[in-house]
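Everything below belongs to data09.cif, which stores mmCIF, C-alpha atoms.
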data_final
loop_
_atom_site.label_atom_id
_atom_site.label_comp_id
_atom_site.auth_asym_id
_atom_site.auth_seq_id
_atom_site.Cartn_x
_atom_site.Cartn_y
_atom_site.Cartn_z
CA MET A 1 -21.37 -38.97 -30.61
CA ILE A 2 -20.29 -36.28 -33.00
CA PRO A 3 -16.54 -35.97 -33.56
CA PHE A 4 -16.39 -32.20 -33.11
CA GLU A 5 -14.77 -30.42 -30.25
CA THR A 6 -14.76 -26.74 -29.46
CA GLN A 7 -11.19 -26.58 -28.14
CA ASN A 8 -8.95 -27.60 -31.00
CA SER A 9 -11.10 -27.10 -34.08
CA PRO A 10 -10.23 -24.49 -36.70
CA SER A 11 -11.58 -21.08 -35.73
CA ILE A 12 -14.19 -21.14 -38.47
CA ILE A 13 -15.81 -24.24 -36.93
CA THR A 14 -15.55 -22.89 -33.40
CA GLU A 15 -17.17 -19.73 -34.67
CA LEU A 16 -20.03 -21.75 -36.20
CA LEU A 17 -20.57 -23.76 -33.05
CA TYR A 18 -21.09 -20.58 -31.09
CA ARG A 19 -22.88 -18.54 -33.73
CA LEU A 20 -25.48 -21.16 -34.69
CA LYS A 21 -28.28 -21.45 -32.18
CA ILE A 22 -30.30 -24.57 -31.38
CA LYS A 23 -33.34 -22.91 -32.99
CA ASP A 24 -31.42 -22.66 -36.28
CA ILE A 25 -30.85 -26.41 -36.53
CA MET A 26 -33.77 -28.05 -34.69
CA THR A 27 -36.60 -29.93 -36.38
CA HIS A 28 -39.91 -28.12 -36.03
CA PRO A 29 -42.84 -28.24 -35.81
CA VAL A 30 -42.48 -31.34 -33.72
CA ARG A 31 -44.93 -34.26 -33.58
CA SER A 32 -46.08 -34.57 -29.99
CA ALA A 33 -48.76 -36.47 -28.11
CA ASP A 34 -50.59 -36.03 -24.80
CA PRO A 35 -50.39 -38.39 -21.81
CA THR A 36 -53.73 -40.04 -22.66
CA THR A 37 -52.52 -41.12 -26.12
CA ARG A 38 -52.16 -44.88 -26.35
CA LEU A 39 -48.67 -46.26 -26.96
CA ARG A 40 -49.97 -48.07 -30.03
CA GLU A 41 -50.88 -44.73 -31.62
CA ILE A 42 -47.45 -43.35 -30.85
CA GLN A 43 -45.90 -46.41 -32.45
CA THR A 44 -47.88 -45.59 -35.61
CA THR A 45 -46.82 -41.94 -35.49
CA MET A 46 -43.17 -43.02 -35.24
CA ARG A 47 -43.44 -45.46 -38.12
CA GLU A 48 -45.32 -43.09 -40.40
CA ASN A 49 -43.08 -40.11 -39.73
CA LYS A 50 -39.81 -42.02 -39.36
CA VAL A 51 -39.03 -40.50 -35.98
CA SER A 52 -37.48 -42.28 -33.01
CA GLY A 53 -38.91 -40.18 -30.19
CA VAL A 54 -42.14 -38.34 -29.44
CA PRO A 55 -42.40 -35.62 -26.76
CA ILE A 56 -45.48 -35.79 -24.53
CA VAL A 57 -47.14 -32.44 -23.90
CA GLU A 58 -49.83 -31.42 -21.44
CA ASP A 59 -51.24 -27.85 -21.36
CA ASP A 60 -48.38 -26.63 -23.63
CA ARG A 61 -45.86 -28.00 -21.13
CA LEU A 62 -43.42 -30.77 -21.95
CA VAL A 63 -44.02 -33.55 -19.43
CA GLY A 64 -42.29 -36.60 -20.89
CA MET A 65 -40.78 -38.50 -23.82
CA ILE A 66 -41.57 -41.80 -25.49
CA SER A 67 -38.71 -43.36 -27.40
CA VAL A 68 -38.50 -46.42 -29.65
CA ASP A 69 -37.04 -48.27 -26.65
CA ASP A 70 -40.20 -47.54 -24.65
CA ILE A 71 -42.34 -48.93 -27.49
CA ILE A 72 -40.26 -52.10 -27.73
CA ARG A 73 -40.58 -52.62 -23.98
CA ALA A 74 -44.36 -52.06 -24.19
CA LEU A 75 -44.68 -54.68 -26.97
CA ASP A 76 -42.48 -57.07 -25.02
CA GLN A 77 -44.36 -56.70 -21.77
CA GLY A 78 -47.83 -56.42 -23.29
CA TYR A 79 -48.95 -52.90 -22.38
CA ILE A 80 -48.87 -51.37 -25.87
CA GLU A 81 -52.58 -50.47 -25.60
CA SER A 82 -52.24 -48.43 -22.40
CA PRO A 83 -51.93 -44.61 -22.27
CA CYS A 84 -48.38 -43.35 -22.67
CA GLY A 85 -48.55 -41.07 -19.60
CA VAL A 86 -48.06 -44.07 -17.30
CA HIS A 87 -44.95 -45.36 -19.04
CA MET A 88 -43.18 -42.29 -20.42
CA SER A 89 -39.78 -41.21 -19.13
CA ARG A 90 -40.27 -38.15 -16.99
CA LYS A 91 -36.60 -37.54 -16.42
CA LEU A 92 -36.05 -35.07 -19.20
CA VAL A 93 -32.97 -33.27 -20.39
CA VAL A 94 -33.90 -30.38 -22.63
CA LEU A 95 -32.15 -27.76 -24.70
CA GLU A 96 -33.26 -24.15 -24.92
CA ASP A 97 -33.82 -22.63 -28.33
CA ASP A 98 -31.30 -19.80 -27.92
CA MET A 99 -28.44 -21.94 -26.65
CA PRO A 100 -25.43 -22.22 -28.99
CA VAL A 101 -25.02 -25.47 -30.93
CA SER A 102 -21.83 -26.15 -28.94
CA MET A 103 -24.12 -26.75 -25.94
CA GLY A 104 -26.11 -29.28 -27.96
CA LEU A 105 -22.88 -31.09 -28.82
CA SER A 106 -21.84 -31.33 -25.20
CA HIS A 107 -25.32 -32.65 -24.28
CA PHE A 108 -24.93 -35.50 -26.77
CA GLU A 109 -21.55 -36.30 -25.26
CA LYS A 110 -22.79 -36.10 -21.68
CA TYR A 111 -26.13 -37.92 -21.86
CA HIS A 112 -27.01 -41.08 -23.70
CA PHE A 113 -30.16 -39.81 -25.36
CA GLY A 114 -30.70 -39.94 -29.09
CA ARG A 115 -32.62 -36.66 -29.12
CA PHE A 116 -33.36 -33.63 -26.98
CA PRO A 117 -36.64 -31.73 -26.89
CA VAL A 118 -36.18 -27.97 -27.29
CA ILE A 119 -38.10 -25.45 -25.21
CA ASN A 120 -38.32 -21.68 -25.48
CA ARG A 121 -38.08 -19.06 -22.78
CA ASP A 122 -41.69 -19.73 -21.76
CA LYS A 123 -40.90 -23.42 -21.34
CA GLU A 124 -43.06 -24.35 -24.35
CA LEU A 125 -41.99 -27.20 -26.62
CA VAL A 126 -40.76 -25.66 -29.89
CA GLY A 127 -38.70 -28.39 -31.54
CA ILE A 128 -36.51 -31.45 -31.26
CA VAL A 129 -32.81 -32.00 -31.98
CA THR A 130 -31.05 -35.21 -32.99
CA SER A 131 -27.33 -35.57 -33.60
CA ARG A 132 -28.23 -35.88 -37.27
CA ASP A 133 -29.72 -32.35 -37.19
CA ILE A 134 -26.44 -31.00 -35.81
CA THR A 135 -24.27 -32.88 -38.29
CA SER A 136 -26.23 -31.82 -41.34
CA ALA A 137 -26.55 -28.19 -40.17
CA LEU A 138 -22.82 -28.00 -39.50
CA LEU A 139 -21.98 -29.49 -42.88
CA THR A 140 -24.27 -27.02 -44.64
CA GLU A 141 -22.83 -24.07 -42.71
CA MET A 142 -19.24 -25.23 -43.19
CA ASN A 143 -19.90 -25.47 -46.90
CA ARG A 144 -21.27 -21.93 -46.90
CA ALA A 145 -18.31 -20.65 -44.85
CA LEU A 146 -15.90 -22.32 -47.25
CA GLU A 147 -17.63 -20.71 -50.21
CA THR A 148 -17.35 -17.31 -48.53
CA LEU A 149 -13.66 -17.92 -47.81
CA GLU A 150 -13.04 -19.01 -51.39
CA ALA A 151 -14.83 -15.94 -52.69
CA GLU A 152 -12.74 -13.79 -50.38
CA ILE A 153 -9.50 -15.38 -51.57
CA ASN A 154 -10.58 -14.95 -55.19
CA SER A 155 -11.49 -11.32 -54.67
CA GLN A 156 -8.05 -10.74 -53.17
CA ALA A 157 -6.42 -12.39 -56.14
CA ALA A 158 -8.44 -10.27 -58.55
CA PRO A 159 -6.68 -7.18 -59.87
CA VAL A 160 -7.34 -4.18 -57.64
CA ALA A 161 -6.77 -0.49 -58.24
CA ALA A 162 -3.24 0.71 -57.61
CA GLY A 163 -2.43 0.66 -53.92
CA GLU A 164 -5.66 -1.03 -52.88
CA VAL A 165 -5.22 -3.97 -50.56
CA LYS A 166 -7.59 -5.71 -48.19
CA ARG A 167 -6.47 -7.77 -45.21
CA VAL A 168 -8.69 -9.70 -42.80
CA PHE A 169 -7.73 -11.03 -39.36
CA VAL A 170 -9.88 -13.17 -37.08
CA VAL A 171 -9.73 -12.04 -33.45
CA ARG A 172 -10.88 -14.35 -30.67
CA GLN A 173 -12.27 -13.56 -27.25
CA PHE A 174 -9.72 -13.76 -24.39
CA ASP A 175 -7.00 -14.98 -26.79
CA TYR A 176 -4.18 -13.04 -25.15
CA GLU A 177 -1.56 -15.15 -26.85
CA ASN A 178 -2.47 -13.58 -30.19
CA ALA A 179 -3.99 -10.30 -29.01
CA GLY A 180 -2.48 -7.43 -30.96
CA ARG A 181 -1.11 -9.52 -33.82
CA ALA A 182 -3.41 -7.97 -36.40
CA SER A 183 -2.32 -4.49 -35.34
CA THR A 184 1.35 -5.45 -35.43
CA GLU A 185 0.81 -6.66 -39.02
CA LEU A 186 -0.95 -3.39 -39.87
CA LYS A 187 2.01 -1.43 -38.55
CA LYS A 188 4.40 -3.49 -40.70
CA LEU A 189 2.25 -2.84 -43.78
CA LEU A 190 2.24 0.89 -43.04
CA GLN A 191 6.01 0.89 -42.59
CA GLU A 192 6.39 -0.85 -45.93
CA ARG A 193 4.28 1.88 -47.52
CA GLY A 194 6.60 4.47 -46.07
CA VAL A 195 3.86 6.60 -44.49
CA SER A 196 4.85 9.15 -41.85
CA ARG A 197 5.49 8.02 -38.29
CA LYS A 198 2.51 10.02 -37.08
CA THR A 199 0.23 8.19 -39.51
CA GLN A 200 1.77 4.88 -38.46
CA ARG A 201 1.17 5.69 -34.82
CA ASN A 202 -2.40 6.91 -35.28
CA ALA A 203 -3.46 3.93 -37.38
CA SER A 204 -1.68 1.41 -35.14
CA VAL A 205 -3.10 2.89 -31.96
CA ALA A 206 -6.66 2.95 -33.37
CA SER A 207 -6.30 -0.63 -34.57
CA TYR A 208 -4.79 -1.88 -31.32
CA GLU A 209 -7.44 -0.23 -29.15
CA LEU A 210 -10.18 -1.80 -31.28
CA GLU A 211 -8.48 -5.18 -31.42
CA MET A 212 -8.05 -5.27 -27.65
CA ASN A 213 -11.70 -4.32 -27.25
CA ILE A 214 -12.67 -7.40 -29.27
CA VAL A 215 -10.36 -9.60 -27.18
CA ASN A 216 -11.42 -8.14 -23.82
CA HIS A 217 -15.10 -7.40 -24.25
CA SER A 218 -16.67 -9.26 -27.19
CA LEU A 219 -17.46 -12.84 -28.11
CA GLY A 220 -14.92 -12.57 -30.93
CA GLY A 221 -14.80 -10.87 -34.29
CA ARG A 222 -12.50 -9.63 -36.99
CA MET A 223 -10.27 -6.76 -38.05
CA ILE A 224 -10.42 -5.68 -41.67
CA TYR A 225 -7.86 -3.30 -43.17
CA GLN A 226 -8.69 -1.70 -46.47
CA PHE A 227 -5.79 0.24 -47.95
CA SER A 228 -6.11 2.71 -50.77
CA ALA A 229 -3.58 5.18 -52.13
CA ASP A 230 -4.08 7.84 -49.48
CA ARG A 231 -5.78 6.15 -46.55
CA VAL A 232 -6.48 3.02 -44.58
CA VAL A 233 -9.96 2.14 -43.41
CA ILE A 234 -10.00 -0.05 -40.31
CA GLU A 235 -13.14 -2.01 -39.58
CA ALA A 236 -13.45 -3.85 -36.29
CA SER A 237 -16.57 -5.94 -35.99
CA ASP A 238 -17.66 -8.44 -33.38
CA ARG A 239 -20.64 -10.70 -32.92
CA GLY A 240 -21.80 -9.53 -29.54
CA PRO A 241 -22.78 -8.83 -26.88
CA GLY A 242 -23.23 -5.25 -28.14
CA ILE A 243 -22.98 -1.99 -26.22
CA PRO A 244 -26.18 -0.94 -24.39
CA ASP A 245 -25.20 2.72 -23.99
CA LEU A 246 -22.93 4.08 -26.74
CA ALA A 247 -22.70 7.57 -25.23
CA LYS A 248 -21.40 6.08 -21.99
CA ALA A 249 -18.91 3.85 -23.82
CA MET A 250 -17.55 6.91 -25.60
CA THR A 251 -16.95 8.71 -22.29
CA GLU A 252 -13.36 8.84 -21.09
CA GLY A 253 -12.89 6.77 -17.97
CA PHE A 254 -16.01 4.65 -18.40
CA SER A 255 -15.07 1.00 -18.42
CA THR A 256 -16.72 -2.37 -17.91
CA ALA A 257 -13.37 -4.15 -17.63
CA ASN A 258 -12.87 -6.56 -14.77
CA ASP A 259 -9.81 -6.89 -12.55
CA TRP A 260 -7.90 -9.35 -14.65
CA ILE A 261 -8.30 -7.25 -17.79
CA ARG A 262 -6.92 -4.35 -15.75
CA SER A 263 -4.03 -6.52 -14.55
CA LEU A 264 -3.05 -6.87 -18.21
CA GLY A 265 -2.72 -3.11 -18.49
CA PHE A 266 -6.07 -2.35 -20.09
CA GLY A 267 -9.49 -1.19 -19.01
CA ALA A 268 -8.86 2.47 -18.26
CA GLY A 269 -11.97 3.41 -20.21
CA MET A 270 -9.87 5.19 -22.84
CA GLY A 271 -10.19 2.77 -25.74
CA LEU A 272 -13.01 4.24 -27.82
CA PRO A 273 -12.34 7.93 -27.01
CA ASN A 274 -8.66 7.42 -27.86
CA THR A 275 -9.54 5.64 -31.11
CA LYS A 276 -11.72 8.57 -32.09
CA ARG A 277 -8.97 11.02 -31.15
CA VAL A 278 -6.40 9.50 -33.53
CA SER A 279 -8.84 8.94 -36.42
CA ASP A 280 -9.84 11.24 -39.28
CA ASP A 281 -13.24 9.62 -39.43
CA PHE A 282 -14.94 7.49 -36.80
CA SER A 283 -18.26 5.67 -36.75
CA ILE A 284 -19.71 3.10 -34.41
CA GLU A 285 -22.81 0.96 -34.58
CA SER A 286 -23.93 -1.45 -31.94
CA THR A 287 -26.93 -3.66 -31.36
CA VAL A 288 -27.32 -5.51 -28.10
CA GLY A 289 -27.37 -9.23 -28.77
CA LYS A 290 -25.90 -8.81 -32.25
CA GLY A 291 -22.58 -7.01 -32.01
CA THR A 292 -20.59 -3.88 -32.59
CA THR A 293 -18.88 -2.49 -35.67
CA VAL A 294 -16.42 0.37 -35.48
CA LYS A 295 -15.13 1.87 -38.69
CA VAL A 296 -12.32 4.41 -38.69
CA THR A 297 -10.35 6.12 -41.43
CA ILE A 298 -6.79 7.29 -41.17
CA VAL A 299 -5.73 9.58 -44.01
CA PHE A 300 -2.02 9.36 -44.77
CA GLU A 301 -0.09 12.56 -44.11
CA THR A 302 0.98 13.99 -47.44
CA ALA A 303 4.56 14.66 -46.38
CA PRO A 304 6.39 13.00 -43.54
CA THR A 305 6.74 15.28 -40.53
CA PRO A 306 10.33 16.49 -40.33
CA GLN A 307 12.12 15.29 -37.23
CA GLU A 308 11.86 18.11 -34.74
CA LYS A 309 15.22 19.17 -33.49
CA PRO A 310 15.51 20.31 -29.92
CA ALA A 311 16.06 24.06 -29.72
CA MET B 1 20.75 9.92 -23.45
CA THR B 2 21.81 6.58 -24.96
CA PHE B 3 20.59 3.11 -23.99
CA GLN B 4 23.99 2.47 -22.41
CA GLN B 5 23.50 5.53 -20.21
CA VAL B 6 19.98 4.42 -19.30
CA LEU B 7 21.36 1.04 -18.33
CA GLU B 8 23.99 2.60 -16.07
CA THR B 9 21.48 5.03 -14.56
CA VAL B 10 18.96 2.40 -13.53
CA GLY B 11 21.56 -0.24 -12.68
CA GLY B 12 19.86 -2.55 -15.17
CA THR B 13 20.39 -5.83 -16.97
CA VAL B 14 20.16 -6.08 -20.76
CA ILE B 15 17.64 -8.65 -22.01
CA VAL B 16 17.39 -7.62 -25.68
CA LYS B 17 19.85 -5.20 -27.24
CA GLY B 18 18.48 -4.79 -30.75
CA SER B 19 20.12 -2.94 -33.61
CA ARG B 20 19.45 0.59 -32.29
CA TRP B 21 21.23 0.21 -28.97
CA ASP B 22 24.21 2.39 -29.87
CA VAL B 23 22.53 4.86 -32.22
CA GLN B 24 19.24 5.83 -30.62
CA GLU B 25 19.15 9.17 -28.82
CA ILE B 26 16.51 9.09 -26.08
CA GLN B 27 14.78 12.38 -25.35
CA HIS B 28 11.48 11.36 -23.82
CA VAL B 29 10.66 8.90 -21.09
CA MET B 30 7.19 7.69 -20.22
CA ALA B 31 6.61 5.75 -17.02
CA CYS B 32 3.36 3.87 -17.01
CA SER B 33 2.02 0.42 -16.24
CA LEU B 34 -1.42 0.97 -17.73
CA MET B 35 -1.05 0.38 -21.46
CA SER B 36 -4.26 2.32 -22.16
CA ASP B 37 -2.45 5.43 -20.90
CA VAL B 38 0.64 4.76 -23.02
CA LEU B 39 -1.56 4.64 -26.12
CA VAL B 40 -2.43 8.34 -25.82
CA THR B 41 1.16 9.56 -26.15
CA GLU B 42 2.03 11.79 -29.09
CA GLU B 43 5.81 11.67 -28.79
CA ASP B 44 7.99 9.60 -31.08
CA ASP B 45 10.78 7.43 -29.73
CA ILE B 46 9.77 7.42 -26.10
CA LEU B 47 11.53 5.13 -23.66
CA LEU B 48 8.77 3.15 -21.95
CA VAL B 49 9.37 2.51 -18.25
CA THR B 50 6.88 0.02 -16.88
CA SER B 51 6.29 -2.89 -14.55
CA LEU B 52 3.96 -4.80 -16.89
CA ALA B 53 5.99 -7.86 -17.89
CA SER B 54 3.68 -9.34 -20.54
CA ASP B 55 4.05 -9.21 -24.33
CA GLN B 56 1.34 -6.52 -24.48
CA THR B 57 4.06 -4.11 -23.29
CA ALA B 58 6.04 -4.70 -26.50
CA ARG B 59 2.89 -4.54 -28.65
CA THR B 60 1.93 -1.22 -27.09
CA ALA B 61 5.48 0.13 -27.41
CA ASP B 62 5.49 -0.84 -31.08
CA MET B 63 2.10 0.79 -31.73
CA VAL B 64 3.17 4.16 -30.35
CA GLY B 65 6.62 3.99 -31.95
CA ALA B 66 8.53 3.77 -28.66
CA CYS B 67 12.26 3.10 -28.97
CA GLY B 68 12.80 0.78 -26.01
CA ILE B 69 11.52 -0.67 -22.73
CA VAL B 70 12.78 -0.61 -19.15
CA LEU B 71 11.06 -3.18 -16.96
CA MET B 72 11.38 -1.80 -13.43
CA ASN B 73 10.42 -3.05 -9.99
CA ASP B 74 12.55 -6.16 -10.37
CA LYS B 75 10.01 -7.75 -12.71
CA THR B 76 11.02 -10.79 -14.73
CA PRO B 77 9.99 -10.39 -18.36
CA GLN B 78 7.69 -13.14 -19.64
CA ALA B 79 9.18 -15.30 -22.39
CA GLU B 80 6.61 -13.92 -24.87
CA LEU B 81 7.74 -10.37 -24.11
CA VAL B 82 11.38 -11.22 -24.78
CA ALA B 83 10.48 -13.01 -28.01
CA LEU B 84 8.37 -10.12 -29.24
CA CYS B 85 11.05 -7.52 -28.40
CA ARG B 86 13.49 -9.56 -30.52
CA GLU B 87 10.99 -9.77 -33.36
CA LEU B 88 10.23 -6.06 -33.25
CA ASP B 89 13.85 -5.04 -32.67
CA LEU B 90 12.98 -3.29 -29.40
CA PRO B 91 15.70 -2.94 -26.75
CA LEU B 92 14.56 -4.39 -23.41
CA MET B 93 16.26 -4.08 -20.04
CA THR B 94 15.26 -4.80 -16.46
CA SER B 95 15.94 -2.81 -13.32
CA SER B 96 15.43 -3.67 -9.69
CA LEU B 97 14.65 -0.05 -8.83
CA PRO B 98 11.11 0.73 -7.72
CA ALA B 99 9.05 3.09 -9.88
CA PHE B 100 9.74 6.39 -8.14
CA GLU B 101 13.47 5.77 -7.73
CA CYS B 102 13.81 4.61 -11.33
CA CYS B 103 12.07 7.72 -12.71
CA TRP B 104 13.94 10.04 -10.35
CA GLN B 105 17.30 8.71 -11.55
CA LEU B 106 16.29 8.89 -15.22
CA GLY B 107 14.95 12.44 -14.75
CA ASN B 108 18.20 13.57 -13.16
CA ARG B 109 20.18 12.02 -15.98
CA LEU B 110 17.98 13.59 -18.66
CA ASN B 111 17.52 17.07 -17.22
CA GLY B 112 20.28 17.43 -14.66
CA PRO B 113 19.74 17.13 -10.89
CA ALA B 114 16.65 18.93 -9.63
CA THR B 115 17.39 22.03 -7.60
CA PRO B 116 15.47 22.39 -4.35
CA LYS B 117 13.01 25.30 -4.34
CA SER B 118 14.07 28.11 -2.03
#
How would this structure read if it were set down as structure tokens?
Amino acid sequence: MIPFETQNSPSIITELLYRLKIKDIMTHPVRSADPTTRLREIQTTMRENKVSGVPIVEDDRLVGMISVDDIIRALDQGYIESPCGVHMSRKLVVLEDDMPVSMGLSHFEKYHFGRFPVINRDKELVGIVTSRDITSALLTEMNRALETLEAEINSQAAPVAAGEVKRVFVVRQFDYENAGRASTELKKLLQERGVSRKTQRNASVASYELEMNIVNHSLGGRMIYQFSADRVVIEASDRGPGIPDLAKAMTEGFSTANDWIRSLGFGAGMGLPNTKRVSDDFSIESTVGKGTTVKVTIVFETAPTPQEKPA
Amino acid sequence: MTFQQVLETVGGTVIVKGSRWDVQEIQHVMACSLMSDVLVTEEDDILLVTSLASDQTARTADMVGACGIVLMNDKTPQAELVALCRELDLPLMTSSLPAFECCWQLGNRLNGPATPKS
């Protein structure tokens, strides 16, 4: 068992568990045999390659597994010279190559197998995953993530041009407890800068619409605020599922929100059009299966608008 | 119109008073329970009248620079909403009036009683 859980881990680990796919961490190509192969041969394959399980394949289809336990039993009961097809376990639990690693973790918790064969969409054997594969991949990725974080912290500490500040907030899918926090922080930063109320409103509204889009519609992502002397650039990026029809998404009133998102006061299909309306510059890129990035610029009003007095 | 006058008009209960209770002059009211619609307003210092009792009401109010919130329809504010109103210094009151009645009373107070068309 691997002591990771998806619920209470730091967000960077949760993010990894969902971002990494089984195909990223599996061992491949995989040593396999066919049902006519003698168990003795498989024993040799295991010893020579230091593996503890060999998938049995017939006509490109996975049909069984032989594990070290099966070999020991064969030696014990004297059928080590017979073909493996008779003695292999046919009850197979497999992983699919595009499943997230979190699914692999839960398989190891749920079933008592030391390894899982991996199949692709066409049900062909493409690899094998042991808990060791998951542990080492996670450690490597965590190391990389830490390096990125460290670099980010260092770049923030480095001297920047007057007035330039960068802030990054992680936004998680369906996390209504924290939804909007990044935008509230942005508003505070804008207030501290003393920009006009109109600028504050436009930037906050754009940010909030984009942040709520990440919470409501994406798998999670981040908000990045880049301040310079006369503007703030807001970048909202997520890691999927992507928008199939951008023109439709930009249409007022078009919404894919479900009833419970609507019950929270959102989902009127105004998010993206309204973001564009309040922004001085607006760009959106989206790839289905990869994610969406929206980048908007709000230029600070040169002079605060005087309070209009009623006539 | 002051917050005190709003309170009397809608027969409300104060939940969060905030520092602007006595000084804010309210000139615009927006009644809406869909936060997406509130986010298109271009007025400063609106009074937000709504029946959405979650903390997203305070977030939205803050984003558009609203000056306070009336929670109508006898809704009980969620604890997160109350906490956020305190943090953001946003006055919050509740009213048992239903939406139409609440807006009607506030409209009369703000603009004088409507005169029937002849």
Against chain A, which residues of chain B fall within 9 Å? For each one I want the closest pair of atoms and the distance in Å (one decimal), counting all atoms listed in the file, rows by chain and increasing residue number, as CSV.
residue,atom,partner,partner_atom,distance
B:Ser33,CA,A:Gly265,CA,6.3
B:Leu34,CA,A:Gly265,CA,4.3
B:Met35,CA,A:Gly265,CA,4.9
B:Ser36,CA,A:Phe266,CA,5.4
B:Asp37,CA,A:Ala268,CA,7.5
B:Leu39,CA,A:Val205,CA,6.3
B:Val40,CA,A:Asn274,CA,6.6
B:Glu42,CA,A:Lys198,CA,8.2
B:Asp44,CA,A:Arg197,CA,7.8
B:Leu52,CA,A:Gly265,CA,7.1
B:Ser54,CA,A:Leu264,CA,7.5
B:Asp55,CA,A:Glu177,CA,8.6
B:Gln56,CA,A:Gly180,CA,7.6
B:Thr57,CA,A:Gly265,CA,8.4
B:Arg59,CA,A:Gly180,CA,6.5
B:Thr60,CA,A:Tyr208,CA,8.0
B:Asp62,CA,A:Thr184,CA,7.6
B:Met63,CA,A:Ser204,CA,5.1
B:Val64,CA,A:Arg201,CA,5.1
B:Gly65,CA,A:Arg201,CA,6.4
B:Glu80,CA,A:Glu177,CA,8.5
For CA of Gly64 in chain A and CA of Leu95 in chain A, the interatomic separation in Å (one decimal): 14.0 Å
Pick out the residues sitting within 8 Å of Cys67 in chain B, and hand them over as a ChimeraX atom specification; count only C-alpha atoms, and ignore anything fewer than 6 positions along from it in its own chain. /B:24,26,45-48,61,90-91
Can you give me, as an NGL selection string, the residues this file yields under the PyMOL selection byres ((chain A and resi 237) around 9)? :A and (210 or 214 or 220-224 or 235-236 or 238-239 or 291-295)
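Straight-line separation from CA of Cys32 in chain B to CA of Ala58 in chain B: 13.1 Å.
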Could you list the residues chosen by the PyMOL selection byres ((chain B and resi 103) around 9) in this structure as number ranges by chain? B: 10, 29-31, 49, 98-102, 104-108
Requested write-out: C-alpha atoms of the selected residues, as a short mmCIF file (atom, residue, chain, number, x, y, z; two decimals), in the coordinates of the input:
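Output contents, as saved in out34.cif:
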data_model
loop_
_atom_site.label_atom_id
_atom_site.label_comp_id
_atom_site.auth_asym_id
_atom_site.auth_seq_id
_atom_site.Cartn_x
_atom_site.Cartn_y
_atom_site.Cartn_z
CA VAL B 10 18.96 2.40 -13.53
CA VAL B 29 10.66 8.90 -21.09
CA MET B 30 7.19 7.69 -20.22
CA ALA B 31 6.61 5.75 -17.02
CA VAL B 49 9.37 2.51 -18.25
CA PRO B 98 11.11 0.73 -7.72
CA ALA B 99 9.05 3.09 -9.88
CA PHE B 100 9.74 6.39 -8.14
CA GLU B 101 13.47 5.77 -7.73
CA CYS B 102 13.81 4.61 -11.33
CA TRP B 104 13.94 10.04 -10.35
CA GLN B 105 17.30 8.71 -11.55
CA LEU B 106 16.29 8.89 -15.22
CA GLY B 107 14.95 12.44 -14.75
CA ASN B 108 18.20 13.57 -13.16
#
Give as a ChimeraX atom specification the set of residues within 9 Å of the point (-33.5, -36.4, -35.4), where distances use the file's coordinates and only C-alpha atoms. /A:26-27,51-53,114-116,128-134
When the PyMOL selection byres ((chain A and resi 23) around 12) is applied to the file above, which residues end up in the set, as an MDAnalysis selection string? chainID A and resid 19:22 24:29 95:101 104 117:121 125:129 133:134 137
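The gap separating CA of Leu272 in chain A from CA of Glu252 in chain A is 8.2 Å, in Å to one decimal.
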Which residue gives the smallest distance to Leu88 in chain B among B:Ser51, B:Val38, B:Asp74, B:Lys17, with only C-alpha atoms counted? B:Lys17
Selection: 12 Å around Gly194 in chain A, all atoms listed in the file, excl. self and same-chain fewer than 6 positions, as a PyMOL selection string: chain A and resi 187-188+200+229-230+300-304
Neighbour list for Cys84 in chain A as number ranges by chain, cut-off 12 Å, only C-alpha atoms, skip fewer than 3 positions in-chain: A: 32-43, 54-57, 63-67, 70-71, 74, 79-81, 87-90
Would you kindly place N, CA and C atoms on range 284-291 of chain A and return the model as a PDB file, in the coordinates of the input?
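Below is the file rebuild17.pdb, written as the result:
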ATOM      1  N   ILE A 284     -19.480   4.304 -35.206  1.00  0.00           N
ATOM      2  CA  ILE A 284     -19.710   3.100 -34.410  1.00  0.00           C
ATOM      3  C   ILE A 284     -21.187   2.746 -34.457  1.00  0.00           C
ATOM      4  N   GLU A 285     -21.434   1.450 -34.614  1.00  0.00           N
ATOM      5  CA  GLU A 285     -22.810   0.960 -34.580  1.00  0.00           C
ATOM      6  C   GLU A 285     -22.837  -0.243 -33.667  1.00  0.00           C
ATOM      7  N   SER A 286     -23.863  -0.317 -32.844  1.00  0.00           N
ATOM      8  CA  SER A 286     -23.930  -1.450 -31.940  1.00  0.00           C
ATOM      9  C   SER A 286     -25.372  -1.851 -31.675  1.00  0.00           C
ATOM     10  N   THR A 287     -25.603  -3.146 -31.695  1.00  0.00           N
ATOM     11  CA  THR A 287     -26.930  -3.660 -31.360  1.00  0.00           C
ATOM     12  C   THR A 287     -26.749  -4.723 -30.284  1.00  0.00           C
ATOM     13  N   VAL A 288     -27.429  -4.540 -29.191  1.00  0.00           N
ATOM     14  CA  VAL A 288     -27.320  -5.510 -28.100  1.00  0.00           C
ATOM     15  C   VAL A 288     -27.815  -6.871 -28.592  1.00  0.00           C
ATOM     16  N   GLY A 289     -27.008  -7.881 -28.339  1.00  0.00           N
ATOM     17  CA  GLY A 289     -27.370  -9.230 -28.770  1.00  0.00           C
ATOM     18  C   GLY A 289     -26.831  -9.570 -30.145  1.00  0.00           C
ATOM     19  N   LYS A 290     -26.399  -8.550 -30.890  1.00  0.00           N
ATOM     20  CA  LYS A 290     -25.900  -8.810 -32.250  1.00  0.00           C
ATOM     21  C   LYS A 290     -24.409  -8.523 -32.355  1.00  0.00           C
ATOM     22  N   GLY A 291     -23.994  -7.328 -31.923  1.00  0.00           N
ATOM     23  CA  GLY A 291     -22.580  -7.010 -32.010  1.00  0.00           C
ATOM     24  C   GLY A 291     -22.315  -5.552 -32.293  1.00  0.00           C
TER      25      GLY A 291
END
